[in-house]
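Participant: My structure is stored as target-v8.txt, with compact mmCIF, C-alpha atoms.
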```txt
# COMPACT_ATOMS: atom_id res chain seq x y z
CA MET A 2 0.00 0.00 0.00
CA LYS A 3 1.31 3.44 -0.95
CA ARG A 4 1.42 6.18 1.67
CA ALA A 5 0.48 9.81 1.15
CA SER A 6 -0.44 12.99 2.96
CA LEU A 7 -3.39 15.10 1.84
CA ILE A 8 -3.06 18.76 2.80
CA TYR A 9 -6.35 20.63 2.65
CA ASN A 10 -6.97 24.38 2.66
CA PRO A 11 -10.63 24.86 3.75
CA SER A 12 -10.65 28.53 2.68
CA ALA A 13 -9.60 27.80 -0.91
CA GLY A 14 -11.98 27.99 -3.83
CA ARG A 15 -15.49 29.25 -4.43
CA PHE A 16 -17.15 27.04 -1.81
CA PRO A 17 -16.12 24.60 0.97
CA ALA A 18 -14.82 21.32 -0.42
CA GLY A 19 -14.56 19.36 2.84
CA PRO A 20 -17.59 17.02 2.41
CA LEU A 21 -16.60 16.29 -1.21
CA LEU A 22 -13.00 15.72 -0.20
CA ASN A 23 -13.98 12.82 2.05
CA ARG A 24 -15.35 10.99 -0.98
CA ALA A 25 -12.07 11.59 -2.85
CA VAL A 26 -10.14 10.11 0.06
CA ARG A 27 -12.32 7.00 -0.05
CA VAL A 28 -11.47 6.64 -3.75
CA LEU A 29 -7.74 6.83 -2.98
CA ARG A 30 -8.04 4.28 -0.19
CA ASP A 31 -10.02 1.92 -2.42
CA LEU A 32 -7.16 2.16 -4.91
CA ASP A 33 -4.56 1.05 -2.37
CA TRP A 34 -3.40 4.41 -1.02
CA GLU A 35 -3.01 4.96 2.73
CA VAL A 36 -3.92 8.63 3.15
CA HIS A 37 -3.97 10.89 6.19
CA ILE A 38 -5.55 14.35 6.01
CA LEU A 39 -3.91 17.52 7.34
CA GLN A 40 -6.01 20.68 7.40
CA THR A 41 -4.49 24.16 7.44
CA GLN A 42 -4.96 27.65 6.03
CA ARG A 43 -1.39 28.84 6.62
CA GLY A 44 1.04 28.65 3.72
CA GLU A 45 3.90 27.92 6.10
CA ASP A 46 2.05 24.88 7.44
CA PHE A 47 1.70 23.48 3.93
CA GLN A 48 5.46 23.48 3.69
CA VAL A 49 5.94 21.99 7.19
CA HIS A 50 3.53 19.13 6.41
CA ALA A 51 5.13 18.50 3.01
CA ARG A 52 8.57 18.35 4.61
CA SER A 53 7.32 15.80 7.14
CA ALA A 54 5.94 13.67 4.29
CA VAL A 55 9.34 13.72 2.56
CA GLU A 56 11.13 12.77 5.77
CA ALA A 57 8.66 9.91 6.32
CA GLY A 58 9.38 8.59 2.82
CA GLU A 59 5.79 8.93 1.60
CA GLU A 60 5.13 8.31 -2.07
CA ALA A 61 3.04 11.46 -2.61
CA VAL A 62 1.58 14.63 -1.17
CA PHE A 63 -1.87 15.54 -2.46
CA VAL A 64 -2.81 19.21 -2.24
CA ALA A 65 -6.49 20.18 -2.02
CA GLY A 66 -6.32 23.90 -2.63
CA GLY A 67 -5.29 26.50 -5.19
CA ASP A 68 -2.18 27.06 -7.29
CA GLY A 69 -0.48 29.05 -4.53
CA SER A 70 -0.73 26.07 -2.17
CA VAL A 71 0.41 23.72 -4.94
CA GLY A 72 3.45 25.91 -5.59
CA ARG A 73 4.41 26.04 -1.92
CA VAL A 74 4.34 22.25 -1.65
CA ALA A 75 6.21 21.83 -4.95
CA ALA A 76 9.08 23.92 -3.56
CA VAL A 77 9.50 21.49 -0.66
CA LEU A 78 9.10 18.28 -2.68
CA ALA A 79 11.68 19.32 -5.30
CA GLY A 80 14.69 17.03 -5.24
CA SER A 81 12.89 14.34 -3.24
CA GLU A 82 11.30 10.99 -4.14
CA THR A 83 7.86 12.24 -3.03
CA ALA A 84 5.52 13.15 -5.90
CA LEU A 85 3.07 16.05 -6.06
CA GLY A 86 -0.62 15.41 -6.68
CA VAL A 87 -3.45 17.93 -6.84
CA LEU A 88 -7.13 17.66 -5.93
CA PRO A 89 -8.34 20.87 -7.59
CA SER A 90 -10.51 22.71 -5.07
CA GLY A 91 -9.03 26.20 -5.56
CA THR A 92 -10.27 29.18 -7.56
CA ALA A 93 -8.38 28.67 -10.83
CA ASN A 94 -6.25 25.52 -10.44
CA VAL A 95 -4.21 26.18 -13.57
CA TRP A 96 -1.85 23.27 -12.89
CA ALA A 97 -4.83 20.90 -12.75
CA GLN A 98 -6.13 22.34 -16.03
CA GLU A 99 -2.75 21.81 -17.66
CA ILE A 100 -2.70 18.11 -16.81
CA GLY A 101 -6.33 17.62 -17.85
CA LEU A 102 -8.19 17.68 -14.51
CA PRO A 103 -11.35 19.84 -14.22
CA ARG A 104 -11.50 21.97 -11.09
CA LEU A 105 -14.25 21.72 -8.53
CA ASP A 106 -17.05 24.11 -9.52
CA TRP A 107 -20.79 24.27 -10.16
CA THR A 108 -20.53 22.09 -13.26
CA HIS A 109 -18.02 19.56 -11.86
CA TRP A 110 -19.35 18.35 -8.51
CA PHE A 111 -17.33 15.13 -8.72
CA ALA A 112 -14.05 16.76 -9.78
CA LEU A 113 -12.17 15.73 -6.63
CA GLU A 114 -13.21 12.08 -6.93
CA HIS A 115 -12.31 12.14 -10.63
CA ALA A 116 -8.89 13.64 -9.84
CA ALA A 117 -8.25 11.10 -7.08
CA ALA A 118 -9.03 8.17 -9.37
CA SER A 119 -7.05 9.62 -12.30
CA LEU A 120 -3.93 10.28 -10.22
CA ALA A 121 -4.08 7.01 -8.28
CA ARG A 122 -4.07 5.18 -11.62
CA GLY A 123 -1.74 7.69 -13.25
CA THR A 124 1.96 8.05 -13.88
CA VAL A 125 4.86 9.96 -12.37
CA ARG A 126 6.69 12.45 -14.57
CA LEU A 127 9.59 14.79 -13.89
CA ALA A 128 8.96 18.55 -14.07
CA ASP A 129 11.19 21.59 -13.97
CA LEU A 130 10.88 24.14 -11.20
CA GLY A 131 11.59 27.85 -11.64
CA GLU A 132 13.40 29.91 -9.04
CA CYS A 133 13.97 33.62 -8.46
CA ASN A 134 16.02 35.02 -5.59
CA GLY A 135 15.33 31.93 -3.52
CA HIS A 136 11.59 31.77 -4.29
CA SER A 137 10.43 28.71 -6.24
CA PHE A 138 7.54 28.55 -8.71
CA LEU A 139 5.95 25.69 -10.60
CA LEU A 140 3.83 27.77 -13.02
CA TRP A 141 5.10 31.31 -13.42
CA ALA A 142 6.61 34.39 -11.84
CA GLY A 143 5.14 37.68 -13.02
CA ILE A 144 6.15 41.34 -12.82
CA GLY A 145 4.12 44.38 -13.78
CA LEU A 146 0.36 44.73 -14.13
CA ASP A 147 -0.52 41.15 -13.15
CA ALA A 148 1.67 41.38 -10.04
CA GLN A 149 0.07 44.72 -9.20
CA ILE A 150 -3.38 43.10 -9.34
CA VAL A 151 -2.41 40.00 -7.35
CA ASN A 152 -0.82 42.13 -4.64
CA SER A 153 -3.99 44.23 -4.44
CA ILE A 154 -6.51 41.37 -4.11
CA GLU A 155 -4.78 38.57 -2.20
CA PRO A 156 -5.81 37.19 0.17
CA ARG A 157 -9.47 37.19 -0.97
CA GLU A 158 -12.65 36.34 0.87
CA ARG A 159 -14.68 33.42 -0.51
CA TRP A 160 -17.48 35.66 -1.80
CA GLU A 161 -14.93 37.48 -3.97
CA LYS A 162 -13.98 34.19 -5.65
CA ILE A 163 -17.50 33.37 -6.83
CA LEU A 164 -17.15 35.75 -9.78
CA ALA A 165 -13.38 35.48 -9.93
CA THR A 166 -13.03 35.89 -13.72
CA ALA A 167 -15.23 38.98 -13.91
CA HIS A 168 -13.54 40.38 -10.80
CA TYR A 169 -10.07 39.91 -12.30
CA ALA A 170 -11.07 41.44 -15.65
CA THR A 171 -12.49 44.48 -13.87
CA LEU A 172 -9.30 44.92 -11.88
CA VAL A 173 -7.18 44.68 -15.04
CA LEU A 174 -9.05 47.66 -16.50
CA TRP A 175 -9.09 49.57 -13.23
CA ASN A 176 -5.37 49.12 -12.57
CA SER A 177 -4.62 50.04 -16.18
CA ILE A 178 -5.73 53.61 -15.52
CA GLY A 179 -2.53 55.58 -15.17
CA TRP A 180 -0.36 52.46 -15.48
CA GLU A 181 2.83 53.32 -17.36
CA GLY A 182 4.52 49.95 -17.20
CA ILE A 183 7.78 49.06 -15.54
CA HIS A 184 11.26 49.75 -16.90
CA LEU A 185 13.48 46.67 -16.94
CA ASP A 186 16.99 45.75 -18.04
CA VAL A 187 17.10 42.06 -18.86
CA ASP A 188 20.22 39.99 -19.38
CA CYS A 189 20.32 36.36 -20.53
CA PRO A 190 22.87 34.20 -22.38
CA ALA A 191 21.25 35.13 -25.71
CA GLY A 192 21.52 38.89 -25.25
CA HIS A 193 20.27 42.05 -23.56
CA TYR A 194 16.78 43.58 -23.59
CA GLU A 195 15.69 46.94 -22.25
CA GLY A 196 12.38 48.73 -22.26
CA ARG A 197 9.14 49.62 -20.54
CA PHE A 198 6.81 46.67 -20.21
CA LEU A 199 3.22 46.13 -19.15
CA VAL A 200 4.13 42.72 -17.81
CA ALA A 201 7.18 40.49 -17.72
CA VAL A 202 6.58 36.80 -17.11
CA ALA A 203 8.87 33.84 -16.57
CA SER A 204 6.60 30.93 -17.48
CA ASN A 205 7.08 27.21 -16.96
CA ILE A 206 3.76 26.27 -18.60
CA ARG A 207 1.53 27.39 -21.50
CA ALA A 208 -1.43 28.92 -19.65
CA TYR A 209 -1.58 32.30 -17.93
CA ALA A 210 -4.04 34.57 -16.10
CA GLY A 211 -5.99 31.85 -14.33
CA GLY A 212 -5.86 29.63 -17.41
CA LEU A 213 -7.81 32.14 -19.51
CA MET A 214 -4.93 32.77 -21.91
CA GLN A 215 -2.27 30.72 -23.68
CA LEU A 216 0.71 33.00 -23.18
CA ALA A 217 3.44 30.45 -23.91
CA PRO A 218 1.95 27.96 -26.43
CA GLY A 219 5.26 26.18 -26.97
CA ALA A 220 6.27 25.80 -23.34
CA LYS A 221 7.28 22.39 -21.99
CA ILE A 222 7.59 21.78 -18.29
CA ASP A 223 10.50 19.37 -18.58
CA ASP A 224 12.80 21.00 -21.16
CA GLY A 225 15.17 22.72 -18.71
CA LEU A 226 14.05 26.15 -19.96
CA LEU A 227 11.76 28.96 -18.86
CA ASP A 228 9.74 30.94 -21.40
CA PHE A 229 10.30 34.66 -20.80
CA TRP A 230 7.71 37.10 -22.15
CA LEU A 231 8.31 40.87 -22.09
CA VAL A 232 5.09 42.56 -23.19
CA GLY A 233 5.68 46.17 -24.17
CA GLY A 234 3.28 49.04 -23.50
CA ARG A 235 2.46 51.88 -21.13
CA SER A 236 -1.27 52.71 -21.30
CA MET A 237 -4.77 51.28 -20.95
CA ARG A 238 -5.05 51.18 -24.73
CA ASP A 239 -1.91 49.04 -24.86
CA VAL A 240 -3.32 46.74 -22.17
CA VAL A 241 -6.53 46.13 -24.12
CA MET A 242 -4.58 45.53 -27.33
CA ARG A 243 -2.19 43.06 -25.69
CA VAL A 244 -5.02 41.15 -24.00
CA LEU A 245 -6.77 40.76 -27.35
CA GLN A 246 -3.53 39.68 -29.02
CA ILE A 247 -2.90 36.98 -26.40
CA LEU A 248 -6.51 35.75 -26.57
CA LEU A 249 -6.23 35.52 -30.37
CA GLY A 250 -2.74 34.01 -30.25
CA THR A 251 -1.25 36.80 -32.38
CA HIS A 252 1.05 38.07 -29.61
CA VAL A 253 3.72 35.54 -30.54
CA ASP A 254 4.82 37.60 -33.55
CA ALA A 255 3.49 41.00 -32.43
CA LYS A 256 5.71 44.05 -32.52
CA GLY A 257 6.73 45.10 -29.03
CA VAL A 258 6.40 41.61 -27.55
CA LEU A 259 9.73 39.98 -26.76
CA HIS A 260 10.04 36.25 -26.14
CA PHE A 261 13.04 34.11 -25.37
CA GLN A 262 13.72 30.74 -23.76
CA SER A 263 16.56 30.38 -21.30
CA SER A 264 17.68 28.45 -18.24
CA GLU A 265 18.58 31.74 -16.57
CA ALA A 266 18.06 35.49 -16.78
CA THR A 267 18.62 38.59 -14.66
CA PHE A 268 16.12 41.47 -14.40
CA ARG A 269 17.22 44.86 -13.11
CA ALA A 270 14.96 47.73 -12.08
CA GLY A 271 15.28 50.93 -10.09
CA SER A 272 13.42 49.93 -6.92
CA LYS A 273 11.69 47.14 -5.05
CA ILE A 274 9.47 45.09 -7.36
CA LEU A 275 6.00 43.67 -6.75
CA MET A 276 5.77 40.12 -8.07
CA GLN A 277 3.49 37.12 -8.14
CA PHE A 278 4.69 33.55 -7.82
CA ASP A 279 2.04 31.01 -8.83
CA GLY A 280 -0.58 33.66 -8.04
CA GLU A 281 0.85 34.53 -4.61
CA PRO A 282 1.96 38.13 -3.88
CA VAL A 283 5.64 38.81 -3.16
CA SER A 284 7.86 41.90 -3.08
CA LEU A 285 11.58 41.56 -3.91
CA GLU A 286 14.64 43.77 -4.20
CA PRO A 287 16.33 43.73 -7.62
CA PRO A 288 18.29 42.36 -9.29
CA LEU A 289 15.98 39.41 -9.90
CA LYS A 290 17.98 36.33 -10.80
CA PHE A 291 15.91 33.62 -12.48
CA ARG A 292 17.07 30.07 -12.99
CA VAL A 293 15.52 26.69 -13.68
CA ARG A 294 15.96 23.48 -11.71
CA PRO A 295 15.67 20.83 -14.45
CA LYS A 296 13.37 17.89 -13.73
CA ALA A 297 13.59 18.58 -10.01
CA LEU A 298 9.99 17.68 -9.17
CA ARG A 299 8.10 14.41 -9.41
CA VAL A 300 4.48 15.03 -10.41
CA LEU A 301 1.49 12.70 -10.55
CA ILE A 302 -0.48 13.09 -13.76
CA PRO A 303 -3.36 11.13 -15.32
CA ALA A 304 -2.27 8.32 -17.62
CA ASP A 305 -4.26 9.93 -20.46
CA ALA A 306 -3.00 13.48 -19.84
CA GLY A 307 -1.51 13.70 -23.33
CA PRO A 308 1.90 14.95 -24.50
CA ARG A 309 1.30 18.70 -24.77
CA LEU A 310 2.96 19.76 -21.52
CA PHE A 311 5.92 17.36 -21.63
CA SER A 312 8.71 16.86 -24.13
CA PRO A 313 8.57 13.67 -26.23
CA ALA A 314 12.15 12.93 -25.20
CA ASP A 315 11.00 12.56 -21.58
CA THR A 316 9.32 9.22 -22.29
CA PRO A 317 12.13 7.11 -20.71
CA SER A 318 11.64 8.82 -17.33
CA LYS A 319 7.95 7.95 -17.18
CA GLU A 320 7.04 5.42 -14.53
CA SER A 321 3.91 4.00 -13.01
CA ALA A 322 2.34 5.74 -10.02
```
Written as structure tokens, how would this file's structure read?

Facilitator:
Amino acid sequence: MKRASLIYNPSAGRFPAGPLLNRAVRVLRDLDWEVHILQTQRGEDFQVHARSAVEAGEEAVFVAGGDGSVGRVAAVLAGSETALGVLPSGTANVWAQEIGLPRLDWTHWFALEHAAASLARGTVRLADLGECNGHSFLLWAGIGLDAQIVNSIEPRERWEKILATAHYATLVLWNSIGWEGIHLDVDCPAGHYEGRFLVAVASNIRAYAGGLMQLAPGAKIDDGLLDFWLVGGRSMRDVVMRVLQILLGTHVDAKGVLHFQSSEATFRAGSKILMQFDGEPVSLEPPLKFRVRPKALRVLIPADAGPRLFSPADTPSKESA
């Protein structure tokens, strides 16, 4: 029997997932997993519990919460033999979307049971982890307008999450008023970039903005590279134009949008920078030194997740969960 911890954040998502989570645990136990549940709302406790699971030699840690909680646990599990699994009960759950799991919402009442069954029967793959000035991220690290918004709304009350998409879109427009972008000097092995940007994102996956946009359509989570996007602009008009370009997929070749892949990069700015790591607000002093930890994290994914997120060359490292 395989052993696992399940760390649950009861304040995550649009509505309480506790009663539904019990059914998911029964599914895991029926599929030969010994699971014990740990409930907490503190990010630090997620990391403490994950560290205990690693020390106990458990096969997996399941996270029932949002992408911020998933990212915190991923940072602890990196470099260990303990795999990360997600039971998507958060607001956006972009990581779950990327591996083909629907999040818990009004149209997916059995999402947690479905995720439990899919992961228990799934496979383990190796994923890269991004890092910036000692802060790890599984999905992305963002600077600029998106970081400004995340720092203004997190933490949110549950009622604010019910209309999360509309709320976020409204805040994008509101924060665009008077927004003049952020000036950055960017160095990477391929060259030097300088300019004023609406947003600058180091992405480890394809999706962005709660999964609403495909910012990095060619990203692979196991290629040893981060996809860096420097989106130029300095006004509300520019914001609207860039959002439309990303939604339509025309941003890839758009003038004023810079994209490069690299295992490392350094961002310099004039003052302390607001950032978001996997949707969690952070403030850091420049320079910001990004790097990737190649295939540092074991992740549980459904057996039928498909090849889009992983490189074809990774096939030899696949193993049964």

Participant: Can you work out the spacing between atom CA of A:Arg299 and atom CA of A:Arg207 in Å, to one decimal?

Facilitator: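 For atom CA of A:Arg299 relative to atom CA of A:Arg207, the distance reads 18.9 Å.
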
Participant: Mind checking which residues fall within 12 Å of stretch 242-245 of chain A, counting all atoms listed in the file, ignoring those fewer than 2 positions away in the same chain, and posting them as an MDAnalysis selection string?

Facilitator: chainID A and resid 146:147 170 173:174 177 198:200 209:210 213:216 231:240 247:258

Participant: Which is closest to A:Asp279 among A:Gly211, A:Gly86, A:Gly135, A:Gly225, if we use only C-alpha atoms?

Facilitator: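 For A:Asp279, the nearest of the given residues is A:Gly211.
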
Participant: Pick out the residues sitting within 8 Å of stretch 53-61 of chain A, and hand them over as a VMD selection string; count all atoms listed in the file, and ignore anything fewer than 6 positions along from it in its own chain.

Facilitator: chain A and resid 3 to 6 78 81 to 86

Participant: Excluding same-chain residues fewer than 3 positions from A:Ala208, what lies within 12 Å of it counting only C-alpha atoms, as number ranges by chain?

Facilitator: A: 93-100, 140-141, 202-205, 211-222, 228, 247-248, 250, 279, 309-310

Participant: Work out how far apart atom CA of A:Ser137 and atom CA of A:Leu39 are and give it in Å to one decimal.

Facilitator: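 Distance between the two atoms: 22.7 Å.
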
Participant: Provide the atom CA of A:Val300 to atom CA of A:Thr41 distance in Å, to one decimal place.

Facilitator: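 Taking atom CA of A:Val300 and atom CA of A:Thr41, their separation equals 22.0 Å.
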
Participant: If we count all atoms listed in the file and set the cut-off at 6 Å, which residues sit around A:Phe138, ignoring sequence neighbours fewer than 4 positions away in its own chain? Please answer as a PDB file with C-alpha atoms, in the frame of the given file.

Facilitator:
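Wrote it out as result30.pdb, contents follow:
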```pdb
ATOM      1  CA  GLY A  72       3.450  25.910  -5.590  1.00  0.00           C
ATOM      2  CA  GLY A 131      11.590  27.850 -11.640  1.00  0.00           C
ATOM      3  CA  PHE A 278       4.690  33.550  -7.820  1.00  0.00           C
TER       4      PHE A 278
END
```

Participant: Find the residue from A:Ser312, A:Ser272, A:Asn23, A:Thr267 that sits nearest to A:Cys133; use all atoms listed in the file when measuring.

Facilitator: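 Using all atoms listed in the file, the shortest distance to A:Cys133 belongs to A:Thr267.
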
Participant: Could you list, as a list in words, every residue within 9 Å of A:Gly66, counting all atoms listed in the file and ignoring same-chain residues fewer than 5 positions away?

Facilitator: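 Contacts, with the query itself left out: Ile8, Tyr9, Asn10, Pro11, Ser12, Ala13, Gly14, Val71, Val87, Leu88, Pro89, Ser90, Gly91, Thr92 and Asn94 of chain A.
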
Participant: So, counting all atoms listed in the file, which residue among A:Gly280, A:Gly19, A:Gly143, A:Pro303 is closest to A:Leu105?

Facilitator: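 Of A:Gly280, A:Gly19, A:Gly143, A:Pro303, the one nearest A:Leu105, counting all atoms listed in the file, is A:Gly19.
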
Participant: Find, counting only C-alpha atoms, the residue in A:Gly271, A:Gly101, A:Gly182, A:Pro190 that gets nearest to A:Leu120.

Facilitator: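 The shortest atom-to-atom distance to A:Leu120 comes from A:Gly101.
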
Participant: With distances taken over all atoms listed in the file, which residue among A:Arg104, A:Leu227, A:Ala112, A:Val77 lies nearest A:Arg294?

Facilitator: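 Checking each of A:Arg104, A:Leu227, A:Ala112, A:Val77 against A:Arg294, counting all atoms listed in the file, the winner is A:Leu227.
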
Participant: Determine the nearest neighbour of A:His37 from the options A:Phe268, A:Phe63, A:Trp110, A:Phe229, counting only C-alpha atoms.

Facilitator: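 The shortest atom-to-atom distance to A:His37 comes from A:Phe63.
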